[in-house]
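Take a look at the structure set out below.
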Amino acid sequence: MNLPAFHALQKTTHEALFQERLLDALIKLGELCAYASQPAATEAVHTLKQDYAMLLGYMKRGMTDIDREKYFKEFLRKANNIYFRVCRSVELEQGEGHEAMLWQRLHQSPEKLAEIYIPFVEGEGNAPASIAAILADPLASYQQLFDTIWTSGHWSAADRELIYKYVMNDDAPRINRLTIVSATGLALLFSFDEQKFLLLLSVIEEYQVEVSVRALVMSLFAYAVYGDELIQLFPSIQLKFGFLRELTYFHPLVMDVQKAILVAIESPELSREFDKKLPEHLVKAKDGMKELPKDASQEEIQQCIEDNPQLRKFRNEMLDMMHDYVHMQKKGVDLNYTSFSYMQEILPFFDEAANWFCPFTFEHPLLFNINAATRFLSFMVNDKSCDSDRYGMVFAMEPHLPEVHIIKQDAVTMEETKIEGHEIENFIEQLSEKLEHKATDPDKSLLTLEPERLYRHVVSCVQDCFRFFTIFKPDGQTQNPFAKDLRLWKLDYIWPIFNGHDAMRELADWLFELEAYEDAVKFYDKLERDADLCQRMGYAYEKLDAPKLAQTLYREALAMDPDDEWTKHQLLASYRNSGEIALACELLESILAANPEDRRYTRQLAELYVRLEEYDTALKLYSKLDYLRPGHLPTQRALAWCHMALGHYDKAAQLYLDIIGHDGVVDEDYLNAGHCALLQNDVPTAVIYYQECLKMRGKEYASSDLFEADELFLMERGVDSLTHHLVIDLINI
């Protein structure tokens with residue numbers, strides 16, 4: 001078969017089905033089945049076409065039929081089922097993708113399979129001919145189960161019931177049960193299958209944390225991939241979703257999945273940013289430590305940091321960085337994404353797709369003889385990591401951690417007891433089992449598990465999926481859900497979960513923190529407004545470059561909470577940034593009326609009046625500031641400029657003379673002093689000041705742009721452009 005030709009037929013058939021052009025779809029589907037040499041499917045399409053022709057015939061004769069829409073959807077559903085079955089069969093048997101490779105591997109001889117798959121118990125595996133056979137085989141490894149389920153054809157109801165019983169059987173190996181759920185989800189993403197979808201939805205109902213979370217994540221991915229148009233053709237799936245929406249735990253669980261998805265999508269960028277910042281801070285730390293006295297006490301080190309502005313700044317930056325790290329990790333950001341993407345390339349373990357979905361356990365065949373120190377540290381280091389991270393850490397640490405003696409502290413006598421010999425292994429084994437049990441919550445119910453731990457399970461599952469699709473990147477027909485729109489609230493059967501005040505506010509706040517402002521304001525706009533909501537909406541509109549809307553929201557927030565400093569600052573900044581200086585002045589005047597001695601707002605108001613060129617008003621405000629804090633250099637500069645702008649050149653010159661004698665003089669002080677001397681027609685003094693300005697800028701010659709910033713100001717006061725050119729030449733002569 002020519003696969004490109006098959007794919008061309010596949011595309012036109014899918015388009016006709018998606019657009020519900022049923023007659024065209026059946027014609028194309030018949031051609032597709034015939035080209036794939038599948039006579040049973042071809043016959044099924046022929047029968048379906050005859051039934052549809054009969055319905056059209058009745059309609060043509062003007063006969064009424066209240067069930068016509070139901071029949072049409074039934075025909076469309078059957079056509080889709082045939083389409084997906086045929087495409088899956090062809091891709092598995094003749095394709096070149098990852099799934100096809102696994103399918104072909106599974107159909108090798110038992111001897112070949114024994115070389116590939118590692119069973120949990122000693123013995124050789126075999127090549128089961130059916131799902132029933134492999135589930136009944138005690139020697140089948142999790143990897144063989146995973147590959148078989150992922151590459152299985154479309155299931156019957158009996159297949160679904162058999163797998164459901166296995167997954168929900170507490171006596172079956174946990175690693176098998178969980179990988180089967182993930183494999184079912186991947187198979188569903190490979191090809192739509194009603195029975196696989198129903199299995200996942202049925203598993204969600206059972207309250208068992210690990211299997212339910214995996215099933216929910218995979219089913220939501222499948223829903224997002226296939227969309228409402230296909231789901232609405234399957235009443236059984238709609239009914240299941242409707243039932244789940246009535247369960248008390250389902251709404252917060254879906255909310256957790258949505259949050260984790262949104263965070264996962266942002267993780268690569270956040271991880272790269274964090275990995276870039278960390279080395280910079282470590283270099284600063286190394287340089288800073290050189291300034292600390294040797295053998296200094298903790299108090300001396302602390303005092304040294306407090307006395308050194310650079311060390312104090314570094315310490316604060318490190319504290320902020322650690323705060324951000326903890327905050328992001330709590331939200332579920334995969335901060336190890338970048339490092340893991342490099343590490344997995346050198347670990348053969350991650351060459352197998354099954355290992356990306358394998359729950360972490362020391363019962364894994366490759367971890368039977370793991371180093372005791374590695375066994376212990378893998379959980380201590382990775383308590384909040386996903387399963388793929390834990391496996392990666394174990395395999396990365398193992399070659400570098402020798403066996404160690406463990407020191408146990410007696411809680412009563414506070415004496416340290418050295419554990420030696422075989423006791424080390426026993427101690428480590430017991431402690432590791434406790435840590436693993438705590439991390440997995442195998443006995444917990446969705447109804448009793450703490451929300452924070454439940455969210456960790458959701459995050460772990462979503463992170464493993466995200467890594468699989470963005471790092472491993474299976475090169476077959478499995479659709480990547482992260483390439484789709486994963487805003488779950490857009491899906492018909494999921495939307496009711498988000499359609500409530502508390503849920504909308506929770507999701508909107510989460511979107512806001514992730515800087516997804518466009519989606520955040522859509523939810524905020526549906527809610528009753530309070531001051532905090534108006535502040536968030538205003539900030540979001542600022543970021544969306546909609547200053548008018550932002551200002552409206554800030555004013556609403558101030559009306560509700562007139563004393564909120566943050567809102568005042570944001571509104572003022574918005575007015576200034578959008579050039580609405582008069583409105584900014586009006587706001588500051590009202591603020592100052594309530595806080596007449598506040599130097600910060602007085603200064604801001606004076607600066608705004610300077611921008612409005614209302615120098616008289618600005619001068620009064622700066623004079624007030626000078627009275628409240630005499631000799632303050634920034635105030636002296638502003639007073640000198642206002643006096644110069646108002647023509648009070650003698651006062652301005654005296655002020656500039658005082659400023660130049662100050663330790664904090666800058667190049668612009670000499671420049672403005674030169675302007676003042678020029679306005680007084682004192683050209684020699686002006687040239688001297690300009691030359692001092694250039695020295696501070698590290699220049700020997702004045703360029704033609706020396707007066708560029710203040711050219712209009714000077715021209716309005718009688719200094720023409722010719723004078724500018726002459727003065728520049730005088731400076732350079």
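Every chain in the structure tokens takes a letter, A first, then B, and so on in the order presented; its residues are numbered from 1, and the ligands are numbered from 1 following the presented order.
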
Tell me, which residues of range 462-691 of chain A carry DSSP helix (DSSP H, G or I), written as a ChimeraX atom specification?
/A:462-472,481-483,488-490,495-498,501-513,517-524,531-543,547-560,565-577,581-594,599-611,615-628,633-645,649-660,667-679,683-691

I want to know what sits within 7 Å of range 494-506 of chain A, based on only C-alpha atoms, with residues of the same chain fewer than 3 positions away left out; could you give that as JSON, numbers by chain?
{"A": [251, 488, 489, 490, 491, 509, 510, 523, 524, 527]}

List as a PyMOL selection string the protein and nucleic acid residues near range 357-362 of chain A, meaning an atom at most 6 Å away when only C-alpha atoms are counted, but skip any in the same chain fewer than 4 places from it.
chain A and resi 175+179+367+387

Would you please work out which residue, of A:Ala686, A:Val727, A:Asp563, A:Leu511, is nearest to Asn595 in chain A when using only C-alpha atoms?
A:Asp563

Quick check, in Å to one decimal: how far apart do CA of His457 in chain A and CA of Asp256 in chain A lie?
9.7 Å

Gly664 in chain A environment, 12 Å, only C-alpha atoms, sequence neighbours closer than 2 positions dropped, as a VMD selection string:
chain A and resid 632 to 634 636 to 637 658 to 662 666 to 670

Output file for the selection above: C-alpha atoms, as an mmCIF file, in the first residue's frame:
```cif
data_model
loop_
_atom_site.group_PDB
_atom_site.id
_atom_site.type_symbol
_atom_site.label_atom_id
_atom_site.label_comp_id
_atom_site.auth_asym_id
_atom_site.auth_seq_id
_atom_site.Cartn_x
_atom_site.Cartn_y
_atom_site.Cartn_z
ATOM 1 C CA HIS A 632 17.965 67.914 49.650
ATOM 2 C CA LEU A 633 19.856 67.724 46.343
ATOM 3 C CA PRO A 634 16.992 66.496 44.055
ATOM 4 C CA GLN A 636 17.589 71.876 44.804
ATOM 5 C CA ARG A 637 17.894 70.743 41.187
ATOM 6 C CA ASP A 658 25.559 75.410 45.313
ATOM 7 C CA ILE A 659 24.726 72.147 43.532
ATOM 8 C CA ILE A 660 28.074 72.051 41.714
ATOM 9 C CA GLY A 661 29.836 72.354 45.041
ATOM 10 C CA HIS A 662 27.980 69.305 46.325
ATOM 11 C CA VAL A 666 26.349 64.818 38.019
ATOM 12 C CA ASP A 667 27.055 65.767 34.408
ATOM 13 C CA GLU A 668 23.541 67.137 33.892
ATOM 14 C CA ASP A 669 24.071 69.654 36.724
ATOM 15 C CA TYR A 670 26.926 71.237 34.737
#
```

Could you name the residues that touch Phe512 in chain A at 10 Å or less, counting only C-alpha atoms, but leaving out those on the same chain fewer than 3 positions away, as JSON, numbers by chain?
{"A": [506, 507, 508, 509, 515, 516, 517, 518, 519, 520, 521, 524, 536, 537, 539, 540]}

Given the selection you just returned, output its residues as a file containing N, CA, C and O atoms, formatted as a PDB file, in the first residue's frame.
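Listing of again.pdb after writing:
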```pdb
ATOM      1  N   GLU A 506     -11.706  31.389  41.243  1.00  0.00           N
ATOM      2  CA  GLU A 506     -10.508  30.577  41.459  1.00  0.00           C
ATOM      3  C   GLU A 506      -9.702  30.433  40.171  1.00  0.00           C
ATOM      4  O   GLU A 506      -8.473  30.602  40.168  1.00  0.00           O
ATOM      5  N   LEU A 507     -10.381  30.131  39.070  1.00  0.00           N
ATOM      6  CA  LEU A 507      -9.680  29.952  37.801  1.00  0.00           C
ATOM      7  C   LEU A 507      -9.137  31.284  37.292  1.00  0.00           C
ATOM      8  O   LEU A 507      -8.011  31.353  36.770  1.00  0.00           O
ATOM      9  N   ALA A 508      -9.917  32.351  37.438  1.00  0.00           N
ATOM     10  CA  ALA A 508      -9.477  33.667  36.982  1.00  0.00           C
ATOM     11  C   ALA A 508      -8.216  34.108  37.723  1.00  0.00           C
ATOM     12  O   ALA A 508      -7.270  34.626  37.120  1.00  0.00           O
ATOM     13  N   ASP A 509      -8.181  33.896  39.046  1.00  0.00           N
ATOM     14  CA  ASP A 509      -6.999  34.259  39.824  1.00  0.00           C
ATOM     15  C   ASP A 509      -5.786  33.441  39.390  1.00  0.00           C
ATOM     16  O   ASP A 509      -4.660  33.947  39.341  1.00  0.00           O
ATOM     17  N   GLU A 515      -0.190  35.105  34.239  1.00  0.00           N
ATOM     18  CA  GLU A 515      -0.103  36.200  33.271  1.00  0.00           C
ATOM     19  C   GLU A 515      -0.891  35.911  31.992  1.00  0.00           C
ATOM     20  O   GLU A 515      -0.582  36.457  30.932  1.00  0.00           O
ATOM     21  N   ALA A 516      -1.906  35.054  32.117  1.00  0.00           N
ATOM     22  CA  ALA A 516      -2.826  34.807  30.998  1.00  0.00           C
ATOM     23  C   ALA A 516      -3.983  35.798  31.148  1.00  0.00           C
ATOM     24  O   ALA A 516      -5.125  35.432  31.444  1.00  0.00           O
ATOM     25  N   TYR A 517      -3.657  37.074  30.948  1.00  0.00           N
ATOM     26  CA  TYR A 517      -4.576  38.148  31.309  1.00  0.00           C
ATOM     27  C   TYR A 517      -5.844  38.177  30.454  1.00  0.00           C
ATOM     28  O   TYR A 517      -6.926  38.509  30.946  1.00  0.00           O
ATOM     29  N   GLU A 518      -5.730  37.822  29.186  1.00  0.00           N
ATOM     30  CA  GLU A 518      -6.898  37.888  28.311  1.00  0.00           C
ATOM     31  C   GLU A 518      -7.988  36.934  28.784  1.00  0.00           C
ATOM     32  O   GLU A 518      -9.172  37.292  28.824  1.00  0.00           O
ATOM     33  N   ASP A 519      -7.605  35.707  29.134  1.00  0.00           N
ATOM     34  CA  ASP A 519      -8.586  34.751  29.648  1.00  0.00           C
ATOM     35  C   ASP A 519      -9.048  35.144  31.042  1.00  0.00           C
ATOM     36  O   ASP A 519     -10.230  34.961  31.382  1.00  0.00           O
ATOM     37  N   ALA A 520      -8.143  35.684  31.850  1.00  0.00           N
ATOM     38  CA  ALA A 520      -8.497  36.053  33.224  1.00  0.00           C
ATOM     39  C   ALA A 520      -9.606  37.103  33.247  1.00  0.00           C
ATOM     40  O   ALA A 520     -10.589  36.964  33.988  1.00  0.00           O
ATOM     41  N   VAL A 521      -9.489  38.142  32.420  1.00  0.00           N
ATOM     42  CA  VAL A 521     -10.490  39.217  32.471  1.00  0.00           C
ATOM     43  C   VAL A 521     -11.850  38.753  31.963  1.00  0.00           C
ATOM     44  O   VAL A 521     -12.889  39.289  32.366  1.00  0.00           O
ATOM     45  N   TYR A 524     -13.251  37.356  35.109  1.00  0.00           N
ATOM     46  CA  TYR A 524     -13.490  38.440  36.062  1.00  0.00           C
ATOM     47  C   TYR A 524     -14.720  39.259  35.669  1.00  0.00           C
ATOM     48  O   TYR A 524     -15.487  39.701  36.527  1.00  0.00           O
ATOM     49  N   ARG A 536      -7.262  43.727  40.079  1.00  0.00           N
ATOM     50  CA  ARG A 536      -6.700  42.704  39.202  1.00  0.00           C
ATOM     51  C   ARG A 536      -7.104  42.952  37.745  1.00  0.00           C
ATOM     52  O   ARG A 536      -6.284  42.817  36.824  1.00  0.00           O
ATOM     53  N   MET A 537      -8.367  43.304  37.536  1.00  0.00           N
ATOM     54  CA  MET A 537      -8.820  43.590  36.172  1.00  0.00           C
ATOM     55  C   MET A 537      -8.083  44.790  35.595  1.00  0.00           C
ATOM     56  O   MET A 537      -7.679  44.796  34.428  1.00  0.00           O
ATOM     57  N   TYR A 539      -5.100  45.894  36.376  1.00  0.00           N
ATOM     58  CA  TYR A 539      -3.720  45.512  36.068  1.00  0.00           C
ATOM     59  C   TYR A 539      -3.669  44.662  34.799  1.00  0.00           C
ATOM     60  O   TYR A 539      -2.782  44.834  33.948  1.00  0.00           O
ATOM     61  N   ALA A 540      -4.633  43.746  34.667  1.00  0.00           N
ATOM     62  CA  ALA A 540      -4.680  42.892  33.474  1.00  0.00           C
ATOM     63  C   ALA A 540      -4.876  43.730  32.218  1.00  0.00           C
ATOM     64  O   ALA A 540      -4.209  43.507  31.195  1.00  0.00           O
TER      65      ALA A 540
END
```

Separation of CA of Tyr337 in chain A from CA of Ala483 in chain A in Å
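We find that CA of Ala483 in chain A and CA of Tyr337 in chain A lie 17.8 Å from each other.
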